[in-house]
$ cat data-v1.txt   # compact mmCIF, C-alpha atoms and all ligand atoms
# COMPACT_ATOMS: atom_id res chain seq x y z
CA MET A 1 93.79 80.90 81.67
CA LYS A 2 92.52 79.85 85.09
CA PHE A 3 92.74 83.46 86.26
CA ASN A 4 94.57 86.67 85.42
CA LEU A 5 96.70 88.34 88.03
CA LYS A 6 95.22 91.53 89.42
CA ASN A 7 96.24 94.52 87.33
CA GLY A 8 99.49 96.07 88.51
CA LEU A 9 100.05 93.54 91.32
CA LEU A 10 103.79 93.02 91.86
CA LEU A 11 105.06 89.65 93.08
CA GLY A 12 108.21 88.89 94.98
CA THR A 13 109.45 87.20 98.12
CA ALA A 14 110.50 88.07 101.67
CA THR A 15 113.25 86.85 103.99
CA ALA A 16 114.99 88.02 107.17
CA ALA A 17 118.76 88.25 107.72
CA THR A 18 119.09 85.92 110.71
CA GLN A 19 116.87 83.31 109.09
CA ILE A 20 118.97 82.84 105.95
CA GLU A 21 122.43 84.43 106.33
CA GLY A 22 124.32 82.08 108.64
CA GLY A 23 127.66 82.91 110.27
CA ASP A 24 126.72 85.53 112.85
CA GLU A 25 127.31 84.51 116.49
CA ASN A 26 126.68 87.90 117.99
CA ASN A 27 122.88 87.96 118.21
CA ASN A 28 120.34 86.71 120.76
CA TRP A 29 119.05 83.89 118.53
CA ALA A 30 122.52 82.43 117.92
CA ARG A 31 123.04 82.38 121.68
CA PHE A 32 119.61 80.86 122.31
CA ALA A 33 120.48 78.09 119.83
CA LYS A 34 123.87 77.55 121.45
CA GLU A 35 122.08 77.02 124.75
CA GLY A 36 120.22 74.14 123.09
CA LYS A 37 116.83 75.86 123.20
CA VAL A 38 115.81 75.49 119.55
CA ASP A 39 113.46 72.51 119.20
CA ASP A 40 115.49 70.61 116.61
CA LYS A 41 118.84 71.78 118.03
CA THR A 42 119.82 73.66 114.86
CA SER A 43 121.23 77.18 114.85
CA PRO A 44 120.88 80.28 112.68
CA THR A 45 124.67 80.26 112.39
CA ARG A 46 124.21 77.67 109.61
CA ALA A 47 120.96 78.63 107.80
CA ALA A 48 121.27 79.10 104.04
CA ASP A 49 124.71 80.77 104.06
CA HIS A 50 123.12 83.63 102.16
CA TYR A 51 125.70 86.09 103.49
CA ASN A 52 128.26 84.41 101.26
CA ARG A 53 125.91 83.24 98.52
CA PHE A 54 123.76 86.32 97.97
CA ARG A 55 124.83 86.63 94.33
CA GLU A 56 123.74 83.09 93.54
CA ASP A 57 120.42 83.71 95.33
CA ILE A 58 119.73 87.01 93.63
CA ASP A 59 120.60 85.46 90.26
CA LEU A 60 118.03 82.78 91.00
CA MET A 61 115.42 85.38 91.97
CA ALA A 62 116.03 87.18 88.70
CA GLU A 63 115.76 83.93 86.73
CA MET A 64 112.47 83.22 88.49
CA GLY A 65 111.22 86.65 87.41
CA LEU A 66 110.75 88.05 90.93
CA LYS A 67 110.24 91.80 90.77
CA ILE A 68 110.38 92.83 94.41
CA TYR A 69 112.32 91.52 97.38
CA ARG A 70 111.92 92.25 101.07
CA PHE A 71 115.05 91.40 103.05
CA GLY A 72 116.67 92.17 106.37
CA ILE A 73 120.05 93.30 107.54
CA GLU A 74 121.74 91.97 110.66
CA TRP A 75 122.02 94.70 113.27
CA SER A 76 124.65 92.76 115.25
CA ARG A 77 126.93 92.56 112.21
CA ILE A 78 126.57 96.27 111.50
CA GLU A 79 126.94 97.42 115.11
CA PRO A 80 128.83 94.58 116.85
CA GLU A 81 129.37 96.77 119.91
CA ARG A 82 127.36 99.78 120.94
CA CYS A 83 128.24 102.72 118.64
CA VAL A 84 130.99 100.70 116.92
CA PHE A 85 130.09 100.18 113.30
CA SER A 86 131.53 97.59 110.97
CA GLU A 87 132.49 99.14 107.66
CA GLU A 88 132.83 95.62 106.24
CA ALA A 89 129.19 94.74 107.06
CA LEU A 90 127.90 98.07 105.78
CA ALA A 91 129.83 97.67 102.52
CA HIS A 92 128.50 94.12 102.23
CA TYR A 93 124.87 95.25 102.38
CA ARG A 94 125.49 98.07 99.96
CA GLU A 95 127.00 95.63 97.50
CA MET A 96 124.08 93.24 97.95
CA ILE A 97 121.55 95.98 97.25
CA GLU A 98 123.48 97.19 94.22
CA TYR A 99 123.43 93.63 92.94
CA MET A 100 119.63 93.40 93.36
CA LEU A 101 119.16 96.67 91.55
CA CYS A 102 121.34 95.65 88.64
CA LYS A 103 119.23 92.49 88.33
CA GLY A 104 116.06 94.60 88.14
CA ILE A 105 114.75 93.67 91.60
CA ARG A 106 113.25 96.40 93.75
CA PRO A 107 114.53 96.19 97.34
CA MET A 108 112.48 96.66 100.49
CA LEU A 109 114.69 96.82 103.56
CA THR A 110 113.60 95.62 107.02
CA LEU A 111 115.53 97.34 109.80
CA HIS A 112 114.52 95.10 112.72
CA HIS A 113 113.30 91.53 112.37
CA PHE A 114 113.21 89.90 115.83
CA THR A 115 116.97 89.67 116.44
CA ASN A 116 119.03 91.87 118.73
CA PRO A 117 122.79 92.28 119.05
CA LEU A 118 123.94 90.66 122.30
CA TRP A 119 125.03 93.98 123.83
CA PHE A 120 121.53 95.37 123.27
CA GLU A 121 119.83 92.18 124.46
CA ASP A 122 121.89 92.22 127.66
CA MET A 123 120.92 95.78 128.53
CA GLY A 124 117.23 94.82 128.34
CA ALA A 125 116.72 95.36 124.60
CA TRP A 126 113.34 96.92 123.82
CA CYS A 127 112.51 97.28 127.51
CA HIS A 128 115.45 99.63 128.08
CA LYS A 129 114.38 103.26 128.44
CA ASN A 130 116.88 104.37 125.79
CA ALA A 131 115.93 101.67 123.27
CA PRO A 132 114.43 104.14 120.74
CA ASP A 133 117.60 106.34 120.81
CA ILE A 134 119.82 103.28 120.44
CA PHE A 135 117.79 101.96 117.52
CA LEU A 136 117.75 105.38 115.86
CA THR A 137 121.55 105.58 115.92
CA PHE A 138 121.65 102.30 114.02
CA VAL A 139 118.94 103.40 111.58
CA GLU A 140 120.78 106.63 110.84
CA LYS A 141 123.96 104.74 110.00
CA VAL A 142 122.07 102.40 107.69
CA ILE A 143 120.32 105.20 105.84
CA ASP A 144 123.59 107.11 105.51
CA THR A 145 125.03 104.01 103.86
CA VAL A 146 122.25 102.77 101.58
CA GLY A 147 119.59 105.48 101.70
CA ASP A 148 120.38 106.61 98.17
CA LEU A 149 119.69 103.09 96.83
CA VAL A 150 116.61 101.98 98.77
CA GLY A 151 113.23 103.72 98.76
CA ASP A 152 111.06 101.09 100.51
CA TYR A 153 111.43 100.38 104.23
CA ILE A 154 109.91 98.31 107.01
CA THR A 155 111.08 99.76 110.30
CA ILE A 156 110.09 96.91 112.62
CA ASN A 157 108.77 93.48 111.79
CA GLU A 158 105.91 92.12 113.87
CA PRO A 159 106.35 93.97 117.18
CA ASN A 160 103.40 91.94 118.48
CA VAL A 161 104.97 88.54 117.80
CA TYR A 162 108.32 89.70 119.16
CA ALA A 163 106.83 91.09 122.37
CA THR A 164 104.36 88.29 123.09
CA ASN A 165 106.76 85.41 122.39
CA SER A 166 109.85 86.95 123.99
CA LEU A 167 108.37 88.84 126.92
CA PHE A 168 104.92 87.50 127.70
CA TYR A 169 104.83 83.78 126.87
CA GLY A 170 108.58 83.47 127.42
CA ILE A 171 109.16 81.00 124.59
CA TRP A 172 111.72 83.13 122.71
CA PRO A 173 114.82 84.82 124.09
CA PRO A 174 115.08 86.30 126.70
CA GLU A 175 112.24 84.02 127.96
CA LYS A 176 110.48 86.61 130.11
CA LYS A 177 106.92 86.25 131.30
CA SER A 178 105.99 89.78 132.21
CA MET A 179 103.13 92.05 131.19
CA LYS A 180 105.18 95.01 132.37
CA ALA A 181 107.99 94.09 129.99
CA LEU A 182 105.55 93.68 127.13
CA VAL A 183 104.10 97.13 127.76
CA LYS A 184 107.57 98.70 127.82
CA ALA A 185 108.60 96.98 124.59
CA PHE A 186 105.38 97.96 122.81
CA SER A 187 105.77 101.58 123.93
CA ASN A 188 109.43 101.78 122.93
CA MET A 189 108.89 100.07 119.60
CA THR A 190 106.09 102.52 118.84
CA GLU A 191 108.38 105.47 119.51
CA ALA A 192 111.21 103.83 117.56
CA HIS A 193 108.99 103.25 114.53
CA ILE A 194 107.62 106.79 114.53
CA ARG A 195 111.03 108.39 114.86
CA ALA A 196 112.55 106.07 112.25
CA TYR A 197 109.68 106.93 109.89
CA GLU A 198 110.47 110.60 110.23
CA LEU A 199 114.23 110.17 110.08
CA ILE A 200 114.12 108.11 106.89
CA HIS A 201 111.92 110.69 105.18
CA THR A 202 114.12 113.58 106.31
CA LYS A 203 117.30 111.85 105.16
CA ARG A 204 115.88 110.83 101.79
CA LEU A 205 114.58 114.36 101.13
CA ALA A 206 118.07 115.66 101.92
CA LEU A 207 119.41 113.24 99.31
CA GLY A 208 117.22 114.99 96.74
CA LYS A 209 114.55 112.26 96.56
CA LYS A 210 110.94 113.31 96.13
CA ARG A 211 108.72 112.50 99.11
CA GLU A 212 106.71 109.94 97.13
CA GLU A 213 109.91 108.07 96.24
CA THR A 214 110.17 106.93 99.85
CA LEU A 215 107.73 104.40 101.27
CA VAL A 216 108.03 103.58 104.97
CA SER A 217 105.79 101.50 107.20
CA PHE A 218 105.98 98.54 109.53
CA ALA A 219 104.83 94.94 109.07
CA ASN A 220 102.48 93.60 111.67
CA HIS A 221 101.45 89.99 112.10
CA LEU A 222 97.69 90.16 111.65
CA ARG A 223 95.09 87.47 112.11
CA VAL A 224 91.36 87.24 111.89
CA PHE A 225 89.97 86.38 115.30
CA GLU A 226 86.65 84.61 115.45
CA PRO A 227 84.65 83.06 118.28
CA LYS A 228 84.49 79.28 118.12
CA ASN A 229 80.77 79.47 118.77
CA PRO A 230 79.41 82.86 117.62
CA LYS A 231 76.49 82.55 120.05
CA ASN A 232 78.71 81.99 123.05
CA LEU A 233 79.29 85.31 124.83
CA TRP A 234 82.57 84.23 126.41
CA HIS A 235 83.94 83.08 123.03
CA LYS A 236 82.91 86.41 121.52
CA PHE A 237 84.48 88.40 124.31
CA ALA A 238 87.70 86.32 124.21
CA SER A 239 88.07 86.79 120.45
CA ARG A 240 87.59 90.58 120.68
CA LEU A 241 89.96 90.92 123.59
CA SER A 242 92.64 88.77 121.93
CA GLU A 243 92.39 90.79 118.75
CA TYR A 244 92.66 94.07 120.61
CA LEU A 245 95.61 93.03 122.77
CA PHE A 246 97.52 91.20 120.05
CA GLN A 247 97.12 93.56 117.13
CA THR A 248 94.64 96.45 117.27
CA ALA A 249 96.27 98.56 119.98
CA ILE A 250 99.83 98.23 118.69
CA THR A 251 98.77 98.87 115.09
CA GLU A 252 96.92 102.07 116.02
CA ALA A 253 99.88 103.19 118.10
CA MET A 254 102.44 102.68 115.37
CA MET A 255 100.30 103.97 112.52
CA TRP A 256 98.71 106.94 114.27
CA GLY A 257 100.64 107.50 117.48
CA LYS A 258 97.38 106.71 119.29
CA CYS A 259 98.44 104.97 122.48
CA ARG A 260 96.08 102.90 124.58
CA PHE A 261 96.90 100.05 126.96
CA PRO A 262 98.98 97.89 126.46
CA VAL A 263 100.89 100.70 124.70
CA LEU A 264 101.93 103.70 126.79
CA LYS A 265 102.67 107.07 125.27
CA ASN A 266 106.38 107.84 125.38
CA ARG A 267 107.48 111.45 125.23
CA GLY A 268 108.71 111.13 121.63
CA VAL A 269 105.25 110.14 120.37
CA LYS A 270 102.78 112.55 118.81
CA ARG A 271 99.56 111.85 116.90
CA GLY A 272 100.06 111.69 113.14
CA LYS A 273 100.22 109.28 110.22
CA TYR A 274 103.33 107.18 110.20
CA TYR A 275 102.86 104.95 107.18
CA ASP A 276 103.02 105.25 103.42
CA PHE A 277 101.48 101.83 102.83
CA ILE A 278 99.55 99.33 104.90
CA GLY A 279 101.82 96.37 105.61
CA ILE A 280 100.22 93.02 106.40
CA ASN A 281 101.93 89.77 107.35
CA TYR A 282 99.18 87.18 107.18
CA TYR A 283 99.26 83.47 107.93
CA THR A 284 96.12 82.23 109.66
CA ARG A 285 92.92 82.71 111.61
CA SER A 286 92.49 82.28 115.37
CA THR A 287 89.35 80.55 116.53
CA CYS A 288 88.80 81.59 120.14
CA GLU A 289 87.15 79.93 123.07
CA GLY A 290 89.59 81.58 125.46
CA ILE A 291 92.62 83.83 125.22
CA ALA A 292 94.84 81.17 123.59
CA ASP A 293 94.80 80.51 119.81
CA GLY A 294 92.59 77.74 118.52
CA VAL A 295 92.08 76.09 115.15
CA ARG A 296 88.66 75.49 113.59
CA GLU A 297 87.76 71.82 113.70
CA GLY A 298 87.96 70.02 110.37
CA SER A 299 89.94 72.78 108.63
CA ASP A 300 92.92 72.25 106.33
CA ILE A 301 96.09 72.89 108.26
CA ASN A 302 99.76 73.35 107.45
CA ASP A 303 102.68 71.38 108.88
CA LEU A 304 102.75 73.57 111.99
CA GLY A 305 99.03 73.00 112.55
CA TRP A 306 97.98 76.52 111.42
CA GLU A 307 94.63 76.75 109.65
CA ILE A 308 94.79 77.56 105.94
CA TYR A 309 92.25 80.34 105.54
CA HIS A 310 92.81 82.54 102.49
CA GLU A 311 89.69 84.67 102.92
CA GLY A 312 91.21 86.13 106.07
CA LEU A 313 93.74 88.08 104.04
CA ILE A 314 91.02 89.80 102.03
CA THR A 315 88.99 90.53 105.17
CA LEU A 316 92.01 92.15 106.82
CA SER A 317 93.05 94.07 103.75
CA ASN A 318 89.56 95.60 103.42
CA ARG A 319 89.24 96.24 107.13
CA LEU A 320 92.59 98.04 107.33
CA SER A 321 91.95 100.02 104.16
CA ASP A 322 88.66 101.25 105.61
CA LYS A 323 90.29 102.16 108.88
CA TYR A 324 93.63 103.61 107.76
CA GLY A 325 92.57 105.09 104.42
CA ARG A 326 91.74 103.75 100.97
CA GLU A 327 94.31 106.18 99.56
CA TYR A 328 97.11 103.97 100.91
CA PRO A 329 98.17 100.86 99.00
CA VAL A 330 98.19 97.54 100.84
CA PHE A 331 101.40 95.52 100.64
CA ILE A 332 101.27 91.91 101.76
CA THR A 333 104.70 92.02 103.34
CA GLU A 334 104.52 88.29 104.19
CA ASN A 335 102.23 85.40 103.35
CA GLY A 336 103.11 81.74 102.98
CA THR A 337 102.90 78.40 104.70
CA CYS A 338 104.92 75.70 106.38
CA ASP A 339 104.83 72.75 104.00
CA ASN A 340 107.87 70.58 104.61
CA SER A 341 107.55 68.44 101.50
CA ASP A 342 106.01 71.07 99.18
CA ALA A 343 102.89 68.90 99.00
CA PHE A 344 100.32 71.73 98.98
CA ARG A 345 102.20 75.03 98.66
CA ALA A 346 101.40 75.35 94.92
CA ARG A 347 97.69 75.14 95.71
CA PHE A 348 98.17 77.60 98.56
CA VAL A 349 99.80 80.12 96.19
CA TYR A 350 97.13 79.52 93.57
CA ASP A 351 94.21 79.94 95.97
CA GLN A 352 95.63 83.02 97.65
CA LEU A 353 96.56 84.88 94.48
CA LYS A 354 93.25 83.98 92.82
CA LEU A 355 91.35 85.48 95.73
CA ILE A 356 93.51 88.61 95.74
CA SER A 357 92.99 88.97 91.99
CA GLU A 358 89.25 88.41 91.98
CA THR A 359 88.11 90.39 95.00
CA ASP A 360 87.94 94.09 95.58
CA ASN A 361 90.92 95.26 97.68
CA ARG A 362 93.87 97.63 97.41
CA ILE A 363 96.61 95.01 97.43
CA GLU A 364 99.43 96.21 95.16
CA ARG A 365 102.31 94.03 96.25
CA TYR A 366 102.61 90.44 97.44
CA TYR A 367 105.83 89.20 99.09
CA HIS A 368 105.71 85.44 99.50
CA TRP A 369 107.33 84.12 102.65
CA SER A 370 109.79 82.78 101.94
CA PHE A 371 112.18 82.84 99.01
CA ILE A 372 114.21 79.98 100.44
CA ASP A 373 113.76 77.55 103.36
CA ASN A 374 114.77 79.44 106.47
CA PHE A 375 115.75 79.01 110.10
CA GLU A 376 112.25 79.13 111.57
CA TRP A 377 113.07 80.54 115.02
CA ARG A 378 112.08 78.14 117.82
CA GLU A 379 111.24 75.41 115.24
CA GLY A 380 114.71 75.69 113.68
CA GLU A 381 115.47 74.21 110.27
CA ALA A 382 112.68 71.65 110.56
CA ALA A 383 109.87 73.94 109.44
CA ARG A 384 110.12 74.76 105.73
CA PHE A 385 108.52 77.83 104.19
CA GLY A 386 110.57 78.38 100.99
CA ILE A 387 109.58 78.21 97.34
CA VAL A 388 113.24 77.22 96.92
CA HIS A 389 114.46 74.13 98.75
CA ILE A 390 117.75 74.10 100.58
CA ASP A 391 119.79 71.03 101.37
CA TYR A 392 121.42 72.31 104.56
CA GLU A 393 124.31 69.83 104.32
CA THR A 394 125.40 70.77 100.81
CA GLN A 395 123.77 74.25 100.63
CA ARG A 396 122.34 73.20 97.28
CA ARG A 397 119.33 75.25 96.14
CA THR A 398 116.49 73.66 94.14
CA VAL A 399 113.39 75.48 92.95
CA LYS A 400 110.32 73.64 94.28
CA GLN A 401 107.18 72.90 92.26
CA SER A 402 105.53 75.80 94.08
CA GLY A 403 108.43 78.02 93.01
CA LYS A 404 107.99 76.97 89.40
CA LEU A 405 104.30 77.81 89.60
CA TYR A 406 105.11 81.21 91.14
CA SER A 407 107.53 81.99 88.30
CA SER A 408 105.03 80.95 85.70
CA ILE A 409 102.37 83.19 87.31
CA ILE A 410 104.75 86.15 87.08
CA GLU A 411 105.68 85.39 83.50
CA ASN A 412 102.11 84.87 82.28
CA ARG A 413 100.47 87.40 84.60
CA GLY A 414 98.17 84.63 85.79
CA VAL A 415 97.71 80.87 85.91
CA THR A 416 97.64 79.12 82.55
CA ASP A 417 95.77 75.83 82.05
CA GLU A 418 99.12 74.05 81.63
CA ALA A 419 100.51 75.46 84.88
CA TYR A 420 97.30 74.53 86.67
CA ASN A 421 97.49 70.93 85.44
CA GLU A 422 101.17 70.54 86.13
CA PHE A 423 101.46 72.24 89.53
CA VAL A 424 98.08 72.82 91.16
CA ILE A 425 96.20 69.57 90.44
CA PRO A 426 98.80 67.34 92.17
CA SER A 427 99.01 69.73 95.11
CA VAL A 428 96.63 68.74 97.91
CA TYR A 429 95.92 70.17 101.40
CA HIS A 430 95.66 67.97 104.46
CA LYS A 431 93.60 68.14 107.65
C1 LIG A 501 107.88 86.14 110.71
C2 LIG A 501 108.92 85.29 110.00
C3 LIG A 501 108.54 83.82 110.13
C4 LIG A 501 107.19 83.61 109.50
C5 LIG A 501 106.69 82.18 109.50
C6 LIG A 501 106.45 85.68 110.54
O1 LIG A 501 105.79 85.73 111.78
O2 LIG A 501 108.04 87.49 110.37
O3 LIG A 501 110.16 85.57 110.53
O4 LIG A 501 109.50 82.97 109.58
O5 LIG A 501 106.23 84.39 110.17
O6 LIG A 501 106.45 81.76 110.79
$ encode --input "data-v1.txt" --output "structure tokens"
Amino acid sequence: MKFNLKNGLLLGTATAATQIEGGDENNNWARFAKEGKVDDKTSPTRAADHYNRFREDIDLMAEMGLKIYRFGIEWSRIEPERCVFSEEALAHYREMIEYMLCKGIRPMLTLHHFTNPLWFEDMGAWCHKNAPDIFLTFVEKVIDTVGDLVGDYITINEPNVYATNSLFYGIWPPEKKSMKALVKAFSNMTEAHIRAYELIHTKRLALGKKREETLVSFANHLRVFEPKNPKNLWHKFASRLSEYLFQTAITEAMMWGKCRFPVLKNRGVKRGKYYDFIGINYYTRSTCEGIADGVREGSDINDLGWEIYHEGLITLSNRLSDKYGREYPVFITENGTCDNSDAFRARFVYDQLKLISETDNRIERYYHWSFIDNFEWREGEAARFGIVHIDYETQRRTVKQSGKLYSSIIENRGVTDEAYNEFVIPSVYHK
């Protein structure tokens, strides 16, 4: 064996509804694509047609031995107009979850993953003063429909990426460039998370579930920020400030209800502990010589130019455990890489899981992003993250070499010499 998987570590994959389902025209990303704003001119209305092919995909997950699966549901399908709920969409998701369960896969449901129904988008979405109430109405309907089946929840995915890209840099819909809008969204998302956390627990207790059978948190996009030159005071200051503004303040607000600029304290927010696990989405490190992201010179990079830096995940996991409590498990709710031809993903998986398995941390679950190639937001279909390849023209699925390695790691609880020779040796990073 090259290494044994950390004791008890569960492996699975993550996806998001809009990125794989196809078919839905009623959300802000479908409209953005229709306006020709996605770089490669593709649209999430095609994607992997998972809405119709979920059985085939879940069968494949089961064949690959995946034990856990984090997935999203499309708010705009469920609530196509404000307070009008689609029984068809709700029944669809219930059926999908039942199918996962009967295949022995443990579901983790994400309630919001970047996309908004058009009616919500057009009223200002997360900047609207009633956004938390509106979101809570949707959450309640979802829990009333599938709450008996699902115990693991992510309320909101990456509020920081959503708010910075959509409202501050203006590169995602609705293309705003406003600090005021970012502050409103952060504050409303914090309230929405906290109230959803409480609502889910209350509803599940009422269903007769024990408190520990329900695990709720949120998934933040976390990076390690480092100064380009550690002796340069401006680089040091810029890296600390970026880290604080991008992730520290919003994480403290959502986890503890501790609100500091750029998060304001809404009336519905009280101090407390609003997490049952520490959720980390991790992709890369930011090397700072100013407020924008930078990449360390000479480092291995992925096909989107992001540095491959596995140690960062361990650093973050330990840092968050120290801060938010060693008694909470850490779930890596996303980790993966853009590798369009699957040239180095097997090595990426190998290196990351080896480090998780050999170092001291509280990581108990690892959800690889992504199960299947997905519509990668602004980059469209061009950027591939899946361990399963999709031919978008034929919708044919093919397990990649990295996917075969992942399966073999699950089956053998580690990397065998054969798997290493077959999958990892030919897999090489690039600069
Ligand atoms: C998001 C995913 C995205 C992935 C890769 C995360 O920021 O949650 O939706 O596809 O990163 O960029």
$ closest_residue --input "data-v1.txt" --among "A:Asn27, A:Asn229, A:Asn130, A:Thr190" --to "A:Pro173" --atoms "only C-alpha atoms"
A:Asn27
$ atom_distance --input "data-v1.txt" --atom1 "atom CA of A:Ile363" --atom2 "atom CA of A:Val349"
15.3 Å
$ residues_around --input "data-v1.txt" --residues "stretch 76-91 of chain A" --least-positions-apart "4" --cutoff "9 Å" --atoms "all atoms listed in the file" --output "VMD selection string"
chain A and resid 24 to 27 95 to 96 115 to 120 134 137 to 138 141 to 142 145 to 146
$ closest_residue --input "data-v1.txt" --among "A:Phe344, A:Ile372, A:Glu98, A:Tyr162" --to "A:Arg397" --atoms "only C-alpha atoms"
A:Ile372
$ closest_residue --input "data-v1.txt" --among "A:Lys400, A:Arg31, A:His128, A:Arg195" --to "A:Val388" --atoms "all atoms listed in the file"
A:Lys400
$ residues_near_ligand --input "data-v1.txt" --ligand "ligand LIG 501 (chain A)" --cutoff "10 Å" --atoms "all atoms listed in the file" --output "PyMOL selection string"
chain A and resi 14-19+113-115+156-162+219-222+281-283+304+306+333-338+369-370+373-380+383-386
$ decode --input "data-v1.txt" --residues "stretch 163-175 of chain A" --atoms "N, CA, C and O atoms" --output "compact mmCIF listing (two decimals), in the first residue's frame"
# COMPACT_ATOMS: atom_id res chain seq x y z
N ALA A 163 -21.35 36.77 -3.10
CA ALA A 163 -21.45 38.23 -2.90
C ALA A 163 -20.33 38.98 -3.62
O ALA A 163 -20.57 40.02 -4.22
N THR A 164 -19.11 38.47 -3.56
CA THR A 164 -18.03 39.23 -4.21
C THR A 164 -18.19 39.20 -5.73
O THR A 164 -18.08 40.24 -6.38
N ASN A 165 -18.46 38.03 -6.31
CA ASN A 165 -18.55 37.97 -7.77
C ASN A 165 -19.79 38.67 -8.32
O ASN A 165 -19.74 39.31 -9.37
N SER A 166 -20.92 38.53 -7.62
CA SER A 166 -22.17 39.07 -8.16
C SER A 166 -22.36 40.55 -7.85
O SER A 166 -22.96 41.29 -8.62
N LEU A 167 -21.85 40.98 -6.67
CA LEU A 167 -22.22 42.31 -6.20
C LEU A 167 -21.06 43.26 -6.05
O LEU A 167 -21.25 44.47 -5.99
N PHE A 168 -19.86 42.72 -5.98
CA PHE A 168 -18.70 43.62 -5.77
C PHE A 168 -17.83 43.72 -7.03
O PHE A 168 -17.57 44.80 -7.53
N TYR A 169 -17.43 42.58 -7.59
CA TYR A 169 -16.65 42.63 -8.83
C TYR A 169 -17.56 42.74 -10.07
O TYR A 169 -17.10 43.07 -11.16
N GLY A 170 -18.83 42.36 -9.90
CA GLY A 170 -19.78 42.49 -11.00
C GLY A 170 -19.53 41.58 -12.18
O GLY A 170 -19.87 41.90 -13.31
N ILE A 171 -18.96 40.40 -11.91
CA ILE A 171 -18.68 39.49 -13.04
C ILE A 171 -19.71 38.37 -13.14
O ILE A 171 -19.69 37.59 -14.08
N TRP A 172 -20.58 38.26 -12.17
CA TRP A 172 -21.70 37.30 -12.19
C TRP A 172 -23.00 38.09 -12.13
O TRP A 172 -23.01 39.24 -11.68
N PRO A 173 -24.11 37.46 -12.53
CA PRO A 173 -25.37 38.19 -12.42
C PRO A 173 -25.63 38.58 -10.97
O PRO A 173 -25.31 37.79 -10.09
N PRO A 174 -26.15 39.76 -10.71
CA PRO A 174 -26.67 40.79 -11.61
C PRO A 174 -25.64 41.85 -11.99
O PRO A 174 -26.03 42.97 -12.33
N GLU A 175 -24.35 41.52 -11.93
CA GLU A 175 -23.25 42.41 -12.38
C GLU A 175 -23.23 43.76 -11.66
O GLU A 175 -23.03 44.79 -12.28
